[in-house]
Amino acid sequence: VPAERPDIIGPRDLAGKRIAMQRGDYVEEYLRAQDISYVPVFTDSFAQAADMVLDGRADAMIGDRPIVLHHLYSKGVADRMKSVGAPLY
């Protein structure tokens, strides 16, 4: 989530939010199983999902942490996002 965002700290806080996710990722099934309603923002990669959050086109993203961190650090923007909650799966 954006580093300055205090309202999303766990999975239940994703309800009603725009969630960026890589197409075909297991996250859709996970959120459905947890009965969390959300607005999907599909992307072609985890890096693109992170960029959607950075640009304000998504409220949060769910993705592979090492890939996302590599992307954020390589762009020099790691301080603009934070990881919240425990890993979902």
# chains A, B, ... in the order shown; residues from 1 in each chain; ligands from 1
>>> closest_atom_pairs(of="region 43-78 of chain A", to="region 17-34 of chain A", cutoff="12 Å", atoms="only C-alpha atoms", output="Markdown table")
| residue | atom | partner | partner_atom | distance |
| --- | --- | --- | --- | --- |
| A:Thr43 | CA | A:Gln22 | CA | 4.8 |
| A:Asp44 | CA | A:Gln22 | CA | 5.5 |
| A:Ser45 | CA | A:Gln22 | CA | 5.1 |
| A:Phe46 | CA | A:Gln22 | CA | 5.6 |
| A:Ala47 | CA | A:Gln22 | CA | 8.9 |
| A:Gln48 | CA | A:Gln22 | CA | 8.1 |
| A:Ala49 | CA | A:Ala20 | CA | 5.0 |
| A:Ala50 | CA | A:Ala20 | CA | 7.6 |
| A:Asp51 | CA | A:Ala20 | CA | 9.3 |
| A:Met52 | CA | A:Ala20 | CA | 6.8 |
| A:Val53 | CA | A:Ala20 | CA | 7.3 |
| A:Leu54 | CA | A:Ala20 | CA | 10.9 |
| A:Asp55 | CA | A:Ala20 | CA | 11.5 |
| A:Gly56 | CA | A:Arg18 | CA | 9.8 |
| A:Arg57 | CA | A:Arg18 | CA | 7.8 |
| A:Ala58 | CA | A:Arg18 | CA | 4.9 |
| A:Asp59 | CA | A:Arg18 | CA | 5.1 |
| A:Ala60 | CA | A:Ile19 | CA | 5.1 |
| A:Met61 | CA | A:Ala20 | CA | 4.4 |
| A:Ile62 | CA | A:Met21 | CA | 5.7 |
| A:Gly63 | CA | A:Met21 | CA | 6.6 |
| A:Asp64 | CA | A:Gln22 | CA | 9.6 |
| A:Ile67 | CA | A:Gln22 | CA | 11.9 |
| A:Val68 | CA | A:Gln22 | CA | 11.4 |
>>> closest_residue(among="A:Pro6, A:His71, A:Phe42, A:Arg65", to="Leu88 (chain A)", atoms="only C-alpha atoms")
A:Arg65
>>> atom_distance(atom1="CA of Leu69 (chain A)", atom2="CA of Leu14 (chain A)")
20.6 Å
>>> atom_distance(atom1="CA of Val84 (chain A)", atom2="CA of Ile9 (chain A)")
5.2 Å
>>> select_by_dssp(residues="chain A", states="alpha helix (DSSP H)", output="list in words")
Val27, Glu28, Glu29, Tyr30, Leu31, Arg32, Ala33, Phe46, Ala47, Gln48, Ala49, Ala50, Asp51, Met52, Val53, Leu54, Arg65, Pro66, Ile67, Val68, Leu69, His70, His71, Leu72, Tyr73, Ser74 and Lys75 of chain A
>>> residues_around(residues="region 1-4 of chain A", least_positions_apart="4", cutoff="6 Å", atoms="only C-alpha atoms", output="PyMOL selection string")
chain A and resi 60+80-82
>>> atom_distance(atom1="CA of Ile8 (chain A)", atom2="CA of Pro40 (chain A)")
16.1 Å
